[in-house]
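Engineer: So here's work-v3.cif (mmCIF, C-alpha atoms and all ligand atoms).
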```cif
data_start
loop_
_atom_site.label_atom_id
_atom_site.label_comp_id
_atom_site.auth_asym_id
_atom_site.auth_seq_id
_atom_site.Cartn_x
_atom_site.Cartn_y
_atom_site.Cartn_z
CA MET J 1 -6.83 -27.93 12.65
CA THR J 2 -4.22 -25.19 12.92
CA ASP J 3 -3.90 -22.38 10.40
CA PRO J 4 -1.23 -23.01 7.77
CA THR J 5 2.09 -21.29 8.38
CA PRO J 6 3.02 -18.51 5.95
CA ASP J 7 5.40 -20.93 4.20
CA GLU J 8 2.74 -23.61 3.81
CA ARG J 9 0.31 -21.07 2.43
CA ALA J 10 2.83 -19.55 0.09
CA THR J 11 3.60 -22.90 -1.51
CA LYS J 12 -0.08 -23.31 -2.35
CA ILE J 13 -0.20 -20.15 -4.41
CA PRO J 14 -0.14 -21.14 -8.08
CA LEU J 15 2.70 -19.95 -10.23
CA THR J 16 1.22 -18.97 -13.55
CA LEU J 17 -1.40 -16.32 -14.11
CA ASP J 18 -3.83 -18.76 -15.75
CA GLU J 19 -3.57 -21.13 -12.82
CA LEU J 20 -4.00 -18.26 -10.41
CA GLU J 21 -7.26 -17.30 -12.10
CA GLU J 22 -8.46 -20.92 -12.08
CA VAL J 23 -7.66 -21.43 -8.41
CA ALA J 24 -9.15 -18.08 -7.40
CA ALA J 25 -12.45 -19.07 -9.01
CA THR J 26 -12.70 -21.93 -6.54
CA CYS J 27 -11.89 -19.79 -3.49
CA VAL J 28 -14.85 -17.38 -3.50
CA ARG J 29 -18.63 -17.73 -3.76
CA PRO J 30 -19.92 -17.86 -7.38
CA ALA J 31 -21.67 -14.51 -6.91
CA VAL J 32 -18.43 -12.86 -5.78
CA TRP J 33 -16.58 -14.43 -8.71
CA ALA J 34 -19.16 -12.95 -11.09
CA TYR J 35 -18.66 -9.58 -9.39
CA ILE J 36 -14.88 -9.75 -9.84
CA GLN J 37 -14.78 -11.08 -13.37
CA GLY J 38 -17.83 -9.55 -14.94
CA GLY J 39 -18.02 -6.55 -17.24
CA ALA J 40 -20.92 -4.45 -18.41
CA GLY J 41 -23.47 -5.47 -21.03
CA ASP J 42 -22.24 -8.23 -23.29
CA GLU J 43 -18.66 -7.52 -22.18
CA ARG J 44 -17.37 -6.20 -25.50
CA THR J 45 -15.18 -3.55 -23.87
CA LEU J 46 -13.88 -6.07 -21.34
CA GLU J 47 -12.73 -8.25 -24.24
CA TRP J 48 -11.33 -5.33 -26.30
CA ASN J 49 -9.08 -4.24 -23.42
CA ARG J 50 -7.14 -7.50 -23.77
CA GLU J 51 -7.41 -7.68 -27.53
CA ALA J 52 -5.82 -4.23 -27.94
CA TYR J 53 -2.53 -5.50 -26.50
CA ARG J 54 -2.38 -8.16 -29.20
CA ARG J 55 -2.23 -5.53 -31.93
CA TRP J 56 1.22 -4.31 -30.86
CA VAL J 57 4.62 -5.94 -30.88
CA LEU J 58 7.74 -5.27 -28.86
CA VAL J 59 10.81 -4.32 -30.87
CA PRO J 60 13.84 -5.73 -29.03
CA ARG J 61 17.41 -4.54 -29.32
CA ALA J 62 19.99 -7.33 -29.17
CA MET J 63 23.46 -7.23 -27.67
CA THR J 64 23.02 -4.02 -25.72
CA GLY J 65 25.27 -5.19 -22.91
CA VAL J 66 22.50 -5.16 -20.30
CA GLN J 67 23.87 -6.56 -17.07
CA GLU J 68 21.56 -5.08 -14.46
CA ILE J 69 17.90 -4.17 -14.55
CA ASP J 70 16.21 -1.55 -12.45
CA LEU J 71 12.40 -1.28 -12.34
CA THR J 72 12.38 1.70 -10.00
CA THR J 73 10.34 4.66 -11.12
CA ARG J 74 8.68 7.76 -9.71
CA ILE J 75 4.93 8.18 -9.73
CA LEU J 76 3.84 11.73 -8.97
CA GLY J 77 7.32 12.30 -7.63
CA VAL J 78 7.21 9.37 -5.19
CA ARG J 79 9.57 6.44 -5.56
CA ALA J 80 7.92 3.14 -6.49
CA SER J 81 9.70 -0.18 -6.99
CA ALA J 82 7.82 -0.94 -10.21
CA PRO J 83 5.91 0.92 -12.92
CA PHE J 84 2.68 -0.86 -11.95
CA TYR J 85 0.29 -0.11 -9.12
CA ILE J 86 -2.75 -1.73 -7.52
CA SER J 87 -5.94 -0.14 -8.89
CA PRO J 88 -8.67 0.82 -6.46
CA MET J 89 -11.22 -1.96 -6.13
CA ALA J 90 -14.16 -2.21 -3.78
CA TYR J 91 -14.92 -4.80 -1.11
CA HIS J 92 -11.67 -6.76 -0.69
CA GLY J 93 -13.22 -8.25 2.43
CA GLU J 94 -15.62 -10.21 0.23
CA VAL J 95 -12.67 -11.81 -1.52
CA HIS J 96 -10.52 -12.86 1.46
CA ALA J 97 -10.48 -12.26 5.20
CA ASP J 98 -7.13 -10.45 4.85
CA GLY J 99 -9.03 -7.73 2.96
CA GLU J 100 -7.51 -4.32 2.20
CA PRO J 101 -5.07 -4.41 5.14
CA GLY J 102 -3.59 -7.62 3.69
CA VAL J 103 -3.25 -6.05 0.25
CA ALA J 104 -1.82 -2.84 1.73
CA SER J 105 0.90 -4.58 3.70
CA ALA J 106 1.74 -6.82 0.71
CA ALA J 107 2.13 -3.73 -1.51
CA ALA J 108 4.29 -2.05 1.14
CA ARG J 109 6.57 -5.09 1.41
CA VAL J 110 7.17 -4.96 -2.34
CA GLY J 111 7.31 -1.15 -2.52
CA VAL J 112 4.42 -0.98 -4.98
CA LEU J 113 1.92 1.89 -5.00
CA ALA J 114 -1.57 0.79 -3.97
CA ALA J 115 -4.90 2.59 -4.24
CA PHE J 116 -7.86 1.93 -1.96
CA GLY J 117 -11.35 3.15 -2.49
CA THR J 118 -14.37 4.75 -0.98
CA LEU J 119 -16.03 1.32 -0.94
CA SER J 120 -13.32 -0.52 0.99
CA SER J 121 -14.39 -3.22 3.41
CA SER J 122 -12.01 -1.66 5.98
CA SER J 123 -11.79 2.00 6.87
CA LEU J 124 -9.12 4.07 5.18
CA GLU J 125 -7.48 4.58 8.59
CA ILE J 126 -7.17 0.83 9.22
CA ILE J 127 -5.68 0.38 5.74
CA ALA J 128 -3.19 3.18 6.40
CA ALA J 129 -2.12 1.53 9.64
CA ALA J 130 -1.35 -1.68 7.71
CA GLN J 131 0.90 0.20 5.32
CA PRO J 132 2.36 3.15 7.25
CA GLN J 133 5.32 3.70 4.89
CA GLY J 134 4.10 2.52 1.53
CA PRO J 135 2.99 4.81 -1.29
CA ARG J 136 -0.81 4.80 -1.08
CA TRP J 137 -3.65 6.69 -2.79
CA PHE J 138 -7.34 7.12 -1.90
CA GLN J 139 -10.07 6.76 -4.55
CA LEU J 140 -13.17 8.89 -4.21
CA TYR J 141 -16.58 8.02 -5.56
CA LEU J 142 -18.37 11.37 -5.56
CA GLN J 143 -21.02 11.31 -2.88
CA PRO J 144 -24.57 12.66 -3.00
CA ASP J 145 -23.73 14.72 0.09
CA PRO J 146 -20.75 17.06 -0.55
CA VAL J 147 -20.00 17.07 3.20
CA VAL J 148 -19.16 13.37 2.92
CA ASN J 149 -16.78 14.06 -0.01
CA ARG J 150 -14.96 16.59 2.08
CA SER J 151 -14.80 14.37 5.13
CA LEU J 152 -13.40 11.41 3.12
CA VAL J 153 -10.77 13.58 1.44
CA GLU J 154 -9.72 15.19 4.72
CA ARG J 155 -9.53 11.81 6.44
CA ALA J 156 -7.36 10.48 3.58
CA GLU J 157 -5.07 13.49 3.76
CA SER J 158 -4.61 13.23 7.51
CA SER J 159 -4.00 9.44 7.23
CA GLY J 160 -1.05 9.95 4.90
CA TYR J 161 -2.55 9.08 1.52
CA GLY J 162 -0.46 10.69 -1.21
CA ALA J 163 -3.15 11.53 -3.78
CA ILE J 164 -6.89 11.48 -4.35
CA ILE J 165 -8.14 9.50 -7.32
CA VAL J 166 -11.43 10.96 -8.49
CA THR J 167 -13.33 8.34 -10.48
CA VAL J 168 -15.40 10.05 -13.16
CA ASP J 169 -16.88 7.15 -15.12
CA VAL J 170 -19.58 6.11 -12.64
CA PRO J 171 -22.53 8.53 -12.68
CA VAL J 172 -24.47 5.29 -12.26
CA LEU J 173 -23.31 1.67 -12.31
CA GLY J 174 -22.95 0.00 -15.70
CA VAL J 175 -25.40 -2.67 -16.78
CA ARG J 176 -23.79 -5.58 -14.97
CA ASP J 177 -25.60 -8.56 -16.44
CA ARG J 178 -23.19 -11.20 -15.18
CA GLN J 179 -23.44 -9.87 -11.61
CA ALA J 180 -27.20 -9.64 -11.80
CA ARG J 181 -27.52 -13.23 -13.03
CA ALA J 182 -25.29 -14.40 -10.18
CA GLY J 183 -27.29 -12.41 -7.64
CA PHE J 184 -24.44 -10.28 -6.30
CA ALA J 185 -26.07 -7.47 -4.35
CA ILE J 186 -23.48 -4.81 -3.63
CA ASP J 187 -25.54 -2.47 -1.54
CA ALA J 188 -27.43 -4.93 0.62
CA SER J 189 -24.87 -7.55 1.53
CA VAL J 190 -21.59 -5.76 2.10
CA PRO J 191 -20.68 -3.30 4.85
CA ILE J 192 -18.74 -0.21 3.78
CA GLY J 193 -15.67 0.28 5.96
CA ASN J 194 -15.55 4.04 5.58
CA GLY J 195 -18.81 4.63 7.41
CA ALA J 196 -22.56 4.37 7.23
CA ASP J 197 -22.91 7.77 5.55
CA VAL J 198 -20.90 6.61 2.51
CA ARG J 199 -23.05 5.67 -0.48
CA PRO J 200 -22.22 3.23 -3.28
CA PRO J 201 -23.04 4.45 -6.79
CA ALA J 202 -26.69 4.09 -7.82
CA ARG J 203 -27.40 0.78 -9.57
CA ALA J 204 -29.74 2.30 -12.16
CA PRO J 205 -31.45 5.61 -12.96
CA GLU J 206 -34.69 6.07 -11.04
CA GLY J 207 -38.02 6.54 -12.74
CA VAL J 208 -40.14 5.11 -15.50
CA ALA J 209 -39.89 5.65 -19.23
CA PRO J 210 -39.51 8.19 -20.69
CA ARG J 211 -38.07 10.17 -17.73
CA PHE J 212 -35.30 9.06 -15.41
CA ARG J 213 -33.30 10.72 -12.69
CA LEU J 214 -29.78 10.13 -11.38
CA PRO J 215 -28.86 10.67 -7.71
CA PRO J 216 -27.42 14.12 -6.76
CA GLY J 217 -23.70 13.13 -6.72
CA ALA J 218 -24.08 11.78 -10.24
CA GLY J 219 -24.76 15.19 -11.73
CA ALA J 220 -21.18 16.40 -11.14
CA THR J 221 -19.25 18.46 -13.69
CA TRP J 222 -15.53 19.25 -13.91
CA GLU J 223 -16.28 22.06 -11.44
CA ILE J 224 -16.08 19.42 -8.68
CA LEU J 225 -12.29 19.27 -9.15
CA ARG J 226 -12.07 22.99 -8.40
CA GLU J 227 -14.19 22.39 -5.29
CA LEU J 228 -11.92 19.56 -4.11
CA ARG J 229 -8.90 21.76 -4.81
CA GLY J 230 -10.43 24.22 -2.35
CA TYR J 231 -9.97 21.89 0.61
CA THR J 232 -7.08 19.54 -0.17
CA ARG J 233 -3.47 20.05 -1.11
CA LEU J 234 -3.18 16.46 -2.35
CA PRO J 235 -2.75 15.91 -6.09
CA LEU J 236 -6.00 14.97 -7.86
CA VAL J 237 -5.76 12.01 -10.22
CA VAL J 238 -8.73 11.72 -12.56
CA LYS J 239 -9.68 8.12 -13.35
CA GLY J 240 -11.95 7.12 -16.19
CA VAL J 241 -10.83 9.33 -19.07
CA LEU J 242 -11.33 7.94 -22.58
CA SER J 243 -10.69 10.91 -24.86
CA SER J 244 -8.21 13.74 -25.37
CA ARG J 245 -11.11 16.16 -24.88
CA ASP J 246 -11.88 14.93 -21.36
CA ALA J 247 -8.19 14.74 -20.53
CA ARG J 248 -7.82 18.41 -21.43
CA LYS J 249 -10.89 19.37 -19.40
CA ALA J 250 -9.66 17.43 -16.37
CA VAL J 251 -6.23 19.06 -16.52
CA ASP J 252 -7.73 22.53 -16.99
CA ALA J 253 -9.88 21.90 -13.91
CA GLY J 254 -6.84 21.00 -11.78
CA ALA J 255 -5.97 17.33 -12.34
CA SER J 256 -2.34 16.46 -11.63
CA ALA J 257 -2.57 13.14 -13.48
CA ILE J 258 -4.94 11.18 -15.69
CA ILE J 259 -5.84 7.51 -15.62
CA VAL J 260 -7.02 6.26 -19.00
CA SER J 261 -9.57 3.71 -17.84
CA ASN J 262 -12.91 2.18 -18.74
CA HIS J 263 -13.21 0.66 -15.28
CA GLY J 264 -12.06 -2.72 -16.58
CA GLY J 265 -15.00 -2.85 -19.00
CA ARG J 266 -17.45 -2.68 -16.11
CA GLN J 267 -19.14 0.62 -16.97
CA LEU J 268 -19.86 1.69 -20.55
CA ASP J 269 -19.98 -1.39 -22.73
CA GLY J 270 -18.95 -0.39 -26.25
CA ALA J 271 -16.36 2.14 -25.02
CA SER J 272 -12.85 1.96 -26.47
CA ALA J 273 -10.12 -0.31 -25.26
CA THR J 274 -7.90 1.80 -23.05
CA LEU J 275 -4.67 1.04 -24.94
CA ASP J 276 -6.28 2.41 -28.12
CA VAL J 277 -7.03 5.75 -26.45
CA LEU J 278 -3.77 6.11 -24.53
CA PRO J 279 -1.69 7.70 -27.36
CA GLU J 280 -4.20 10.50 -28.02
CA VAL J 281 -4.45 11.32 -24.32
CA VAL J 282 -0.66 11.36 -23.99
CA ALA J 283 -0.42 13.62 -27.05
CA GLU J 284 -2.94 16.04 -25.53
CA VAL J 285 -1.77 16.33 -21.91
CA GLY J 286 1.32 14.15 -21.53
CA SER J 287 3.73 17.08 -21.58
CA SER J 288 2.09 18.67 -18.52
CA VAL J 289 0.79 15.75 -16.39
CA GLU J 290 1.48 12.05 -15.88
CA VAL J 291 -0.80 9.61 -17.69
CA TYR J 292 -1.49 6.08 -16.43
CA VAL J 293 -3.58 3.33 -18.00
CA ASP J 294 -5.47 0.32 -16.69
CA GLY J 295 -7.67 -2.40 -18.17
CA GLY J 296 -6.45 -5.80 -19.31
CA VAL J 297 -2.85 -5.43 -18.13
CA ARG J 298 -1.81 -9.01 -17.45
CA ARG J 299 1.71 -9.77 -18.68
CA GLY J 300 5.12 -8.14 -18.46
CA ALA J 301 4.83 -7.42 -22.18
CA ASP J 302 1.59 -5.48 -21.58
CA VAL J 303 3.33 -3.30 -19.01
CA LEU J 304 6.14 -2.44 -21.45
CA LEU J 305 3.76 -1.80 -24.37
CA ALA J 306 1.72 0.65 -22.30
CA LEU J 307 4.85 2.43 -21.09
CA SER J 308 6.19 2.56 -24.63
CA LEU J 309 2.94 4.24 -25.74
CA GLY J 310 3.40 6.94 -23.13
CA ALA J 311 1.98 5.67 -19.84
CA ARG J 312 4.00 6.57 -16.77
CA ALA J 313 2.60 3.54 -14.92
CA VAL J 314 -0.10 0.90 -15.35
CA GLY J 315 -2.89 -0.13 -12.99
CA LEU J 316 -3.54 -3.76 -12.08
CA GLY J 317 -7.11 -4.82 -11.40
CA ARG J 318 -8.58 -8.32 -11.37
CA PRO J 319 -5.29 -10.29 -11.07
CA VAL J 320 -4.70 -8.66 -7.67
CA LEU J 321 -8.08 -9.98 -6.52
CA TRP J 322 -7.27 -13.43 -7.93
CA ALA J 323 -4.08 -13.43 -5.86
CA LEU J 324 -5.97 -12.19 -2.80
CA ALA J 325 -8.64 -14.88 -3.22
CA ALA J 326 -6.09 -17.66 -3.72
CA GLY J 327 -3.54 -16.70 -1.08
CA GLY J 328 -4.61 -13.66 0.96
CA GLY J 329 -2.07 -10.89 1.52
CA LEU J 330 0.79 -13.36 0.95
CA GLY J 331 -0.70 -14.31 -2.38
CA VAL J 332 -0.78 -10.66 -3.42
CA GLU J 333 2.84 -10.20 -2.38
CA GLN J 334 3.88 -13.25 -4.36
CA TYR J 335 1.91 -12.13 -7.41
CA LEU J 336 3.48 -8.65 -7.34
CA ARG J 337 6.96 -10.14 -7.03
CA GLN J 338 6.27 -12.54 -9.89
CA LEU J 339 5.04 -9.75 -12.13
CA ALA J 340 8.15 -7.73 -11.30
CA VAL J 341 10.31 -10.67 -12.39
CA GLU J 342 8.30 -10.94 -15.60
CA VAL J 343 8.66 -7.23 -16.35
CA ALA J 344 12.41 -7.41 -15.62
CA THR J 345 12.76 -10.46 -17.87
CA THR J 346 10.86 -8.73 -20.67
CA LEU J 347 12.96 -5.61 -20.27
CA ALA J 348 16.15 -7.72 -20.50
CA LEU J 349 14.84 -9.49 -23.61
CA CYS J 350 14.16 -6.05 -25.12
CA GLY J 351 17.74 -4.97 -24.40
CA ARG J 352 16.76 -2.20 -21.98
CA ARG J 353 18.14 -1.60 -18.48
CA SER J 354 15.59 0.59 -16.84
CA ILE J 355 12.19 2.20 -17.09
CA SER J 356 13.79 5.42 -18.30
CA GLU J 357 15.07 3.55 -21.38
CA ILE J 358 11.52 2.75 -22.52
CA ASP J 359 10.33 4.97 -25.33
CA ARG J 360 8.14 4.79 -28.42
CA SER J 361 10.81 2.85 -30.33
CA LEU J 362 10.14 -0.17 -28.09
CA CYS J 363 6.85 -1.01 -29.84
CA ALA J 364 5.27 -1.11 -33.28
CA PRO J 365 1.88 -2.08 -34.71
CA ARG J 366 1.71 -5.82 -35.36
CA ARG J 367 1.78 -6.72 -39.04
CA ALA J 368 -1.18 -8.90 -39.98
C1 LIG N 401 -14.13 -6.17 -8.52
C2 LIG N 401 -13.73 -4.79 -8.98
C3 LIG N 401 -14.08 -3.69 -8.23
C4 LIG N 401 -13.72 -2.41 -8.64
N1 LIG N 401 -14.03 -1.34 -7.85
C5 LIG N 401 -13.63 -0.11 -8.23
C6 LIG N 401 -13.87 1.02 -7.37
O1 LIG N 401 -14.43 0.89 -6.28
N2 LIG N 401 -13.45 2.23 -7.81
C7 LIG N 401 -12.82 2.41 -9.02
O2 LIG N 401 -12.46 3.55 -9.37
N3 LIG N 401 -12.57 1.37 -9.83
C8 LIG N 401 -12.95 0.13 -9.46
N4 LIG N 401 -12.67 -0.94 -10.28
C9 LIG N 401 -11.94 -0.73 -11.54
C10 LIG N 401 -10.42 -0.86 -11.35
O3 LIG N 401 -9.92 0.22 -10.59
C11 LIG N 401 -9.67 -0.87 -12.71
O4 LIG N 401 -10.05 0.28 -13.44
C12 LIG N 401 -9.93 -2.14 -13.53
O5 LIG N 401 -10.15 -3.25 -12.72
C13 LIG N 401 -8.76 -2.40 -14.46
O6 LIG N 401 -9.05 -3.47 -15.32
P1 LIG N 401 -8.53 -4.99 -15.12
O7 LIG N 401 -9.39 -5.58 -14.02
O8 LIG N 401 -8.79 -5.61 -16.45
O9 LIG N 401 -7.08 -4.96 -14.74
C14 LIG N 401 -13.03 -2.23 -9.87
C15 LIG N 401 -12.67 -3.35 -10.63
C16 LIG N 401 -13.00 -4.62 -10.19
C17 LIG N 401 -12.57 -5.80 -11.02
#
```
Can you present the structure in this file as structure tokens?
Structural biologist:
Amino acid sequence: MTDPTPDERATKIPLTLDELEEVAATCVRPAVWAYIQGGAGDERTLEWNREAYRRWVLVPRAMTGVQEIDLTTRILGVRASAPFYISPMAYHGEVHADGEPGVASAAARVGVLAAFGTLSSSSLEIIAAAQPQGPRWFQLYLQPDPVVNRSLVERAESSGYGAIIVTVDVPVLGVRDRQARAGFAIDASVPIGNGADVRPPARAPEGVAPRFRLPPGAGATWEILRELRGYTRLPLVVKGVLSSRDARKAVDAGASAIIVSNHGGRQLDGASATLDVLPEVVAEVGSSVEVYVDGGVRRGADVLLALSLGARAVGLGRPVLWALAAGGGLGVEQYLRQLAVEVATTLALCGRRSISEIDRSLCAPRRA
């Protein structure tokens, strides 16, 4: 049997987001599906991320004469064709053979910013080669050995990545019950594209009650940003902030941007929904740095609500992996294009022409 042509494959990619999720579930092993979908603990935070969007409404303006819509924006000064980006997620190779290179070239074709992580299935150099022009960031999981941090950051800089995302909400992995039940073993089963000296986060503290120890990289403080500043000129984007206090500390330590994130509910179960925290972070640091948000962004309306509450851009997580599972790199391209249409439609329905016309007057708390 021959491989399907791009056109044949493209027609198989489902059109609605619900269908995409359903189809994706059938395209990967059950353990991988649990890895993608699961949150931490009893998945309260995972659920709250979505629920938070339901507590806001969009306030449209009618008859504003909108004739053309432009989704273009700038993220850390770089042009992007939409105010959403692909969040860093590990192990794309487990989801589809196209892996990170497929996602990277899809993002480049659409002009969307994409972030790739320390735990990519392909090396950061191979990913860069698949997306030579596109805006692209590298996500760093702090390593037990500081020499490895430095080497990853220097490799990213020399491969043309535009910023380093420093993820700060993983001193140790969250309690991933769903993954554990499904038997997904991150460290044993999956090769890490960036090299054998790269370590995934520890799965649990070591020791026996009452004393436990975390691995060396886990004991980092904000000082690490000053260290990174010492050997890279790239902007540092701190991912995993859930309070104005941490946002301030990150900015004081050298962050150029903040991502309000709870890791898609995969880390601290019981932490706030990201949309709930966004306004206080924007109030604290939004006048000096860009603030982005991820977690539960699914619809065009979600994108506009987050922007209205002060986010410069929003990060997409699981839906990108659904699209990758269902249709490879082509699936991701189609999904990104579809979301762009949905955001443009929502913007038109709100009577706004462009991202720069989105402000706080676009949303209001939903009346019960
Ligand atoms: C399967 C999976 C793997 C992830 N891997 C990483 C990672 O390696 N580094 C990181 O900073 N965040 C990682 N994340 C978190 C995402 O960057 C993002 O914060 C989250 O997925 C957003 O929530 P959403 O999935 O509801 O859109 C991962 C998320 C998923 C679903």
Engineer: Neighbouring residues of ligand LIG 401 (chain N) are defined here as those with any atom at most 6 Å from a ligand atom, counting all atoms listed in the file; list them as a list in words.
Structural biologist: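 Result of the 6 Å neighbour search around ligand LIG 401 (chain N): Tyr35, Ile36, Ser87, Pro88, Met89, Ala90, Gly117, Leu119, Thr167, Ser261, His263, Gly264, Asp294, Gly295, Gly296, Val297, Leu316, Gly317 and Arg318 of chain J.
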Engineer: Would you work out the distance separating atom CA of J:Gly41 from atom CA of J:Ala273, expressed in Å to one decimal?
Structural biologist: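 These atoms are spaced 14.9 Å apart.
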Engineer: Kindly indicate which residue among J:Ala313, J:Ala62, J:Ile192, J:Leu225 lies nearest to J:Leu142, using all atoms listed in the file for the distances.
Structural biologist: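 The answer is J:Leu225, which sits nearest to J:Leu142.
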Engineer: Give as a PyMOL selection string each residue that has an atom at most 12 Å from (10.5, 6.2, -29.1) in the file, counting all atoms listed in the file.
Structural biologist: chain J and resi 58-59+305+307-310+356-364
Engineer: Neighbouring residues of J:Asp98 were defined as those with any atom within 7 Å, considering only C-alpha atoms; residues of the same chain fewer than 4 positions away were excluded. Please report them as a VMD selection string.
Structural biologist: chain J and resid 93 102 328 to 329
Engineer: As an exercise, work out the distance from atom CA of J:Val343 to atom CA of J:Gln37 in Å and give it to one decimal place.
Structural biologist: 23.9 Å
Engineer: Do a neighbour search on J:Ala348 at 8 Å with all atoms listed in the file, toss out local chain neighbours closer than 5 positions, and write the hits as a list in words.
Structural biologist: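 Listing them by chain and then by number gives Val66, Ile69 and Arg353 of chain J.
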Engineer: Calculate how many Å separate atom CA of J:Leu76 from atom CA of J:Arg352, rounding to one decimal.
Structural biologist: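 We find that atom CA of J:Leu76 and atom CA of J:Arg352 lie 23.0 Å from each other.
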Engineer: Using only C-alpha atoms, find each residue in stretch 204-286 of chain J having at least one atom no more than 10 Å away from stretch 128-141 of chain J; report its shortest atom-to-atom pair and that distance in Å (one decimal), rows by chain then rising number, as CSV.
Structural biologist:
```
residue,atom,partner,partner_atom,distance
J:Gly217,CA,J:Tyr141,CA,8.8
J:Ala218,CA,J:Tyr141,CA,9.6
J:Leu234,CA,J:Trp137,CA,9.8
J:Pro235,CA,J:Trp137,CA,9.8
J:Leu236,CA,J:Gln139,CA,9.7
J:Val237,CA,J:Gln139,CA,8.8
J:Val238,CA,J:Gln139,CA,9.5
J:Lys239,CA,J:Gln139,CA,8.9
```
Engineer: Go ahead and save the residues from that selection, with C-alpha atoms, as a short mmCIF file (atom, residue, chain, number, x, y, z; two decimals), in the frame of the given file.
Structural biologist:
```
data_model
loop_
_atom_site.label_atom_id
_atom_site.label_comp_id
_atom_site.auth_asym_id
_atom_site.auth_seq_id
_atom_site.Cartn_x
_atom_site.Cartn_y
_atom_site.Cartn_z
CA GLY J 217 -23.70 13.13 -6.72
CA ALA J 218 -24.08 11.78 -10.24
CA LEU J 234 -3.18 16.46 -2.35
CA PRO J 235 -2.75 15.91 -6.09
CA LEU J 236 -6.00 14.97 -7.86
CA VAL J 237 -5.76 12.01 -10.22
CA VAL J 238 -8.73 11.72 -12.56
CA LYS J 239 -9.68 8.12 -13.35
#
```
Engineer: Just the residues within 12 Å of J:Tyr231, please, counting all atoms listed in the file, with nothing from its chain fewer than 6 positions along; format it as a VMD selection string.
Structural biologist: chain J and resid 146 to 147 149 to 155 157 164 224 to 225
Engineer: Can I get the selection written as a JSON list (two decimals), keeping the file's coordinate frame, with C-alpha atoms?
Structural biologist:
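Below you can see out-v9.json, which holds the result:
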```json
[["chain", "number", "residue", "atom", "x", "y", "z"],
["J", 146, "PRO", "CA", -20.75, 17.06, -0.55],
["J", 147, "VAL", "CA", -20.00, 17.07, 3.20],
["J", 149, "ASN", "CA", -16.78, 14.06, -0.01],
["J", 150, "ARG", "CA", -14.96, 16.59, 2.08],
["J", 151, "SER", "CA", -14.80, 14.37, 5.13],
["J", 152, "LEU", "CA", -13.40, 11.41, 3.12],
["J", 153, "VAL", "CA", -10.77, 13.58, 1.44],
["J", 154, "GLU", "CA", -9.72, 15.19, 4.72],
["J", 155, "ARG", "CA", -9.53, 11.81, 6.44],
["J", 157, "GLU", "CA", -5.07, 13.49, 3.76],
["J", 164, "ILE", "CA", -6.89, 11.48, -4.35],
["J", 224, "ILE", "CA", -16.08, 19.42, -8.68],
["J", 225, "LEU", "CA", -12.29, 19.27, -9.15]]
```
Engineer: Given 5 Å on each side, where is the centre and what are the edge lengths in Å to one decimal of the axis-aligned box enclosing the listed atoms of stretch 55-60 of chain J, as lines of an AutoDock Vina configuration file?
Structural biologist:
```
center_x = 5.8
center_y = -5.1
center_z = -30.4
size_x = 26.1
size_y = 11.6
size_z = 13.1
```
Engineer: For stretch 250-255 of chain J, work out the shell of residues within 12 Å, counting only C-alpha atoms and skipping chain neighbours fewer than 5 positions away, then give it as a ChimeraX atom specification.
Structural biologist: /J:76,163-168,221-230,232-245,260,281,284-291
Engineer: Looking at J:Ala326, J:Phe84, J:Asn194, J:Ala97, which one is nearest to J:Phe116, with distances taken over all atoms listed in the file?
Structural biologist: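 The closest residue to J:Phe116 is J:Asn194.
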Engineer: With the cut-off set at 7 Å and counting only C-alpha atoms, tabulate each residue of stretch 316-343 of chain J with an atom at most that distance from an atom of stretch 17-24 of chain J, showing the nearest atom pair and its distance in Å to one decimal, ordered by chain and increasing number, as CSV.
Structural biologist:
```
residue,atom,partner,partner_atom,distance
J:Trp322,CA,J:Ala24,CA,5.0
J:Ala323,CA,J:Leu20,CA,6.6
J:Ala325,CA,J:Ala24,CA,5.3
J:Ala326,CA,J:Ala24,CA,4.8
```
